[in-house]
Each structure stands twice: as structure tokens, then as C-alpha cells.
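Below: input27.pdb (PDB, C-alpha atoms, pLDDT in the B column)
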```pdb
MODEL        1
ATOM      1  CA  MET Z   1     111.971 -18.061  26.116  1.00 58.00           C
ATOM      2  CA  GLY Z   2     110.273 -18.576  29.469  1.00 86.00           C
ATOM      3  CA  LEU Z   3     109.049 -15.944  31.848  1.00 92.00           C
ATOM      4  CA  PRO Z   4     110.203 -14.120  33.763  1.00 96.00           C
ATOM      5  CA  VAL Z   5     113.103 -12.878  31.658  1.00 96.00           C
ATOM      6  CA  ASP Z   6     116.275 -12.207  33.659  1.00 97.00           C
ATOM      7  CA  CYS Z   7     117.639  -8.664  33.282  1.00 97.00           C
ATOM      8  CA  ARG Z   8     120.525  -7.278  35.331  1.00 97.00           C
ATOM      9  CA  LEU Z   9     120.472  -3.504  35.781  1.00 97.00           C
ATOM     10  CA  THR Z  10     122.988  -0.990  37.133  1.00 96.00           C
ATOM     11  CA  ALA Z  11     122.200   2.535  38.345  1.00 95.00           C
ATOM     12  CA  TYR Z  12     124.146   5.317  40.022  1.00 93.00           C
ATOM     13  CA  ARG Z  13     122.773   6.441  43.423  1.00 91.00           C
ATOM     14  CA  GLY Z  14     121.107   9.836  43.249  1.00 87.00           C
ATOM     15  CA  ASP Z  15     120.906   9.950  39.446  1.00 90.00           C
ATOM     16  CA  THR Z  16     117.645  10.167  37.545  1.00 91.00           C
ATOM     17  CA  TRP Z  17     117.028   6.981  35.591  1.00 94.00           C
ATOM     18  CA  LEU Z  18     114.273   5.002  33.921  1.00 96.00           C
ATOM     19  CA  GLN Z  19     114.439   1.495  32.467  1.00 97.00           C
ATOM     20  CA  HIS Z  20     112.006   0.674  29.648  1.00 98.00           C
ATOM     21  CA  PHE Z  21     110.804  -2.833  28.790  1.00 98.00           C
ATOM     22  CA  ARG Z  22     108.733  -3.841  25.757  1.00 97.00           C
ATOM     23  CA  LEU Z  23     106.589  -6.864  26.586  1.00 96.00           C
ATOM     24  CA  VAL Z  24     106.193  -9.215  23.619  1.00 95.00           C
ATOM     25  CA  ARG Z  25     104.143 -12.404  23.220  1.00 92.00           C
ATOM     26  CA  ASP Z  26     104.462 -14.580  20.078  1.00 93.00           C
ATOM     27  CA  GLY Z  27     106.496 -11.845  18.367  1.00 93.00           C
ATOM     28  CA  ALA Z  28     103.925  -9.076  18.880  1.00 95.00           C
ATOM     29  CA  PRO Z  29     103.738  -6.380  21.573  1.00 96.00           C
ATOM     30  CA  VAL Z  30     101.333  -7.221  24.411  1.00 94.00           C
ATOM     31  CA  ASP Z  31      98.292  -4.921  24.511  1.00 94.00           C
ATOM     32  CA  LEU Z  32      98.356  -3.490  28.036  1.00 96.00           C
ATOM     33  CA  THR Z  33      95.104  -1.547  27.728  1.00 95.00           C
ATOM     34  CA  GLY Z  34      93.357  -1.797  31.105  1.00 95.00           C
ATOM     35  CA  ALA Z  35      96.366  -3.483  32.724  1.00 97.00           C
ATOM     36  CA  THR Z  36      98.414  -2.333  35.707  1.00 97.00           C
ATOM     37  CA  VAL Z  37     102.125  -2.738  36.345  1.00 98.00           C
ATOM     38  CA  ALA Z  38     103.978  -3.033  39.648  1.00 98.00           C
ATOM     39  CA  SER Z  39     107.636  -3.421  40.558  1.00 98.00           C
ATOM     40  CA  TRP Z  40     109.321  -3.998  43.906  1.00 97.00           C
ATOM     41  CA  ALA Z  41     112.952  -4.269  44.926  1.00 96.00           C
ATOM     42  CA  GLN Z  42     114.230  -6.285  47.873  1.00 96.00           C
ATOM     43  CA  SER Z  43     117.602  -6.098  49.569  1.00 92.00           C
ATOM     44  CA  LEU Z  44     118.873  -8.788  51.924  1.00 81.00           C
ATOM     45  CA  GLU Z  45     121.978  -6.983  53.154  1.00 82.00           C
ATOM     46  CA  PRO Z  46     122.451  -5.536  55.707  1.00 77.00           C
ATOM     47  CA  SER Z  47     118.831  -6.488  56.519  1.00 79.00           C
ATOM     48  CA  VAL Z  48     115.667  -7.317  54.627  1.00 86.00           C
ATOM     49  CA  GLU Z  49     114.233  -4.181  53.045  1.00 91.00           C
ATOM     50  CA  VAL Z  50     111.482  -4.012  50.426  1.00 94.00           C
ATOM     51  CA  ILE Z  51     110.879  -0.879  48.355  1.00 95.00           C
ATOM     52  CA  THR Z  52     108.191  -0.153  45.772  1.00 96.00           C
ATOM     53  CA  LEU Z  53     109.764   1.055  42.541  1.00 97.00           C
ATOM     54  CA  ASP Z  54     108.074   3.638  40.338  1.00 97.00           C
ATOM     55  CA  ALA Z  55     106.390   1.530  37.618  1.00 97.00           C
ATOM     56  CA  ASN Z  56     104.231   2.795  34.757  1.00 97.00           C
ATOM     57  CA  ILE Z  57     102.723   1.724  31.479  1.00 97.00           C
ATOM     58  CA  VAL Z  58     104.349   4.035  28.943  1.00 97.00           C
ATOM     59  CA  ASP Z  59     102.553   2.878  25.762  1.00 97.00           C
ATOM     60  CA  ALA Z  60      99.749   0.338  26.290  1.00 97.00           C
ATOM     61  CA  ALA Z  61      99.318  -0.523  22.589  1.00 96.00           C
ATOM     62  CA  ASP Z  62     103.060  -1.125  22.142  1.00 97.00           C
ATOM     63  CA  GLY Z  63     103.501  -3.179  25.344  1.00 97.00           C
ATOM     64  CA  MET Z  64     105.913  -0.618  26.812  1.00 98.00           C
ATOM     65  CA  VAL Z  65     106.446  -0.294  30.573  1.00 98.00           C
ATOM     66  CA  ALA Z  66     109.075   1.573  32.579  1.00 98.00           C
ATOM     67  CA  ILE Z  67     110.496   1.323  36.076  1.00 98.00           C
ATOM     68  CA  GLY Z  68     112.551   3.823  38.034  1.00 96.00           C
ATOM     69  CA  PRO Z  69     113.594   4.610  41.572  1.00 95.00           C
ATOM     70  CA  PRO Z  70     111.047   5.678  44.181  1.00 94.00           C
ATOM     71  CA  ALA Z  71     110.910   9.372  45.104  1.00 89.00           C
ATOM     72  CA  GLU Z  72     113.109   8.751  48.151  1.00 89.00           C
ATOM     73  CA  GLY Z  73     115.732   7.012  45.992  1.00 88.00           C
ATOM     74  CA  LEU Z  74     117.551   3.731  46.560  1.00 90.00           C
ATOM     75  CA  GLU Z  75     120.487   3.029  48.830  1.00 90.00           C
ATOM     76  CA  ALA Z  76     123.705   1.913  47.166  1.00 92.00           C
ATOM     77  CA  ARG Z  77     123.598  -1.895  47.303  1.00 93.00           C
ATOM     78  CA  THR Z  78     122.368  -4.819  45.227  1.00 94.00           C
ATOM     79  CA  TRP Z  79     118.622  -5.362  45.079  1.00 96.00           C
ATOM     80  CA  ASP Z  80     116.500  -8.187  43.648  1.00 97.00           C
ATOM     81  CA  TYR Z  81     113.590  -6.785  41.635  1.00 97.00           C
ATOM     82  CA  ASP Z  82     110.755  -7.920  39.414  1.00 98.00           C
ATOM     83  CA  VAL Z  83     108.148  -6.381  37.099  1.00 98.00           C
ATOM     84  CA  GLU Z  84     104.622  -7.761  37.334  1.00 97.00           C
ATOM     85  CA  VAL Z  85     101.619  -6.989  35.128  1.00 97.00           C
ATOM     86  CA  THR Z  86      98.009  -7.543  36.109  1.00 97.00           C
ATOM     87  CA  GLU Z  87      96.183  -7.877  32.810  1.00 90.00           C
ATOM     88  CA  PHE Z  88      92.662  -6.589  32.147  1.00 86.00           C
ATOM     89  CA  GLY Z  89      91.190 -10.071  32.759  1.00 87.00           C
ATOM     90  CA  GLY Z  90      92.941 -10.343  36.135  1.00 91.00           C
ATOM     91  CA  ASP Z  91      95.824 -12.647  35.155  1.00 92.00           C
ATOM     92  CA  VAL Z  92      99.063 -11.753  36.953  1.00 96.00           C
ATOM     93  CA  ILE Z  93     102.302 -12.332  35.039  1.00 96.00           C
ATOM     94  CA  THR Z  94     105.831 -11.594  36.201  1.00 97.00           C
ATOM     95  CA  TRP Z  95     107.594 -10.573  32.989  1.00 97.00           C
ATOM     96  CA  VAL Z  96     111.021  -9.483  34.214  1.00 98.00           C
ATOM     97  CA  ARG Z  97     113.198 -10.253  37.216  1.00 98.00           C
ATOM     98  CA  GLY Z  98     116.828  -9.699  38.071  1.00 97.00           C
ATOM     99  CA  THR Z  99     119.289  -7.735  40.122  1.00 97.00           C
ATOM    100  CA  LEU Z 100     119.557  -3.977  40.317  1.00 97.00           C
ATOM    101  CA  THR Z 101     122.966  -2.829  41.458  1.00 96.00           C
ATOM    102  CA  VAL Z 102     122.947   0.742  42.747  1.00 94.00           C
ATOM    103  CA  ARG Z 103     126.495   2.065  42.828  1.00 94.00           C
ATOM    104  CA  PRO Z 104     127.514   4.713  45.372  1.00 92.00           C
ATOM    105  CA  ASP Z 105     128.095   8.209  44.063  1.00 87.00           C
ATOM    106  CA  VAL Z 106     131.149  10.352  44.779  1.00 85.00           C
ATOM    107  CA  THR Z 107     129.970  13.957  44.359  1.00 83.00           C
ATOM    108  CA  ASN Z 108     127.120  13.720  46.868  1.00 73.00           C
ATOM    109  CA  ALA Z 109     128.394  10.768  48.875  1.00 68.00           C
ATOM    110  CA  SER Z 110     127.368  12.348  52.173  1.00 67.00           C
ATOM    111  CA  ALA Z 111     123.852  13.285  50.956  1.00 58.00           C
ATOM    112  CA  PRO Z 112     120.979  11.349  52.532  1.00 54.00           C
TER     113      PRO Z 112
ENDMDL
END
```
Can you give me the file's structure in the form of C-alpha cells?
Amino acid sequence: MGLPVDCRLTAYRGDTWLQHFRLVRDGAPVDLTGATVASWAQSLEPSVEVITLDANIVDAADGMVAIGPPAEGLEARTWDYDVEVTEFGGDVITWVRGTLTVRPDVTNASAP
């Protein structure tokens, strides 16, 4: 399978969430020791907006990374996102891309 892998996500605005990904190469987890991970989301409607998602290496030896919403949260809309790893040697690889649909909430619909 080629990279990046397409993964469609759905979240509920205002909820706490985290999405984990295990990065695998040739059937074995990628060793992320010394690597960094970054993830951004971009919305095109109603205007172009780019937000940095919270992205972390959860378990370097097991190739596990996680992304979540930024501290200020995400507006309810559909975002394009990707997950990019800069390996110890400096190679940059986009492992995951897709859409993140943030659904509006009901209980705190008027909350900022």
C-alpha cells in the first residue's frame, strides 16, 4: 500500500478525543526514536483556515503516534488533515491523510 494512507475521521465538537496510528513498514512497526511528528488541518469553507493539531509520538519503539484537537478546539466543519513524520535522519514522510469531519454539538451549541 502506498503512502500516505487515506483515513477519514469523525469527531464531535467540544469533546475530548485522540486518534492513534501505528506506523508500519514491511510488516514491522517503524522505530520513531529521535523522530518528530506534526499534523495540520485545513478548511476551505467558509474561507481558508489552517490549524495545527496536537500531534505526539506515543510509543517510539512501537511506531505509535496520536493526533487530537488543538487546545482551542476545532470548529464544526470538514477539514483536510495529514500526519507527517520527520525521521532521525531528516527524511520527511507523510504517513496519513484524509478528512476530519467535526460535527456540531447540541448541549453546548452556543459555546465558543
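Of the listed residues Z:Thr78, Z:Thr86, Z:Gln42, Z:Asn56, the one whose atoms come nearest to Z:His20 is Z:Asn56, with distances taken using all atoms listed in the file.
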Handout entry: Among the residues Z:Asp91, Z:Ala60, Z:Trp79, Z:Ala66, the one that comes closest to Z:Val48 [using only C-alpha atoms]
Key = Z:Trp79
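Closest approach to Z:Tyr81 among Z:Val106, Z:Trp40, Z:Glu49, Z:Pro4: Z:Trp40, based on all atoms listed in the file.
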Exercise for the section: For the structure provided, state which residues fall under the PyMOL selection byres ((chain Z and resi 5) around 7), and present them as a VMD selection string. Expected result: chain Z and resid 2 to 4 6 to 7 95 to 97
Problem - Nearest candidate to Z:Leu23 (options Z:Pro46, Z:Gly73, Z:Pro104, Z:Gly63; using only C-alpha atoms) - result: Z:Gly63
Exercise for the section: For atom CA of Z:Ile93 and atom CA of Z:Ser47, determine how far apart the two atoms are, in Å to one decimal place. Expected result: 27.7 Å
Problem - Near-stretch 28-33 of chain Z list (10 Å; all atoms listed in the file; drop same-chain fewer than 4 positions) as a PyMOL selection string - result: chain Z and resi 22-24+37+57-65+85-88
Completion exercise
Here atom CA of Z:Thr16 and atom CA of Z:Ser39 stand apart by 17.1 Å
Practice task
Within 6 Å of Z:Val102, counting all atoms listed in the file, which residues show up once you throw out same-chain ones fewer than 3 positions away? Write them as an MDAnalysis selection string, please.
Solution key: chainID Z and resid 10:13 76:77
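Taking all atoms listed in the file into account, Z:Gly98 lies nearest to Z:Arg8 out of the set Z:Ile51, Z:Arg8, Z:Gln19, Z:Arg25.
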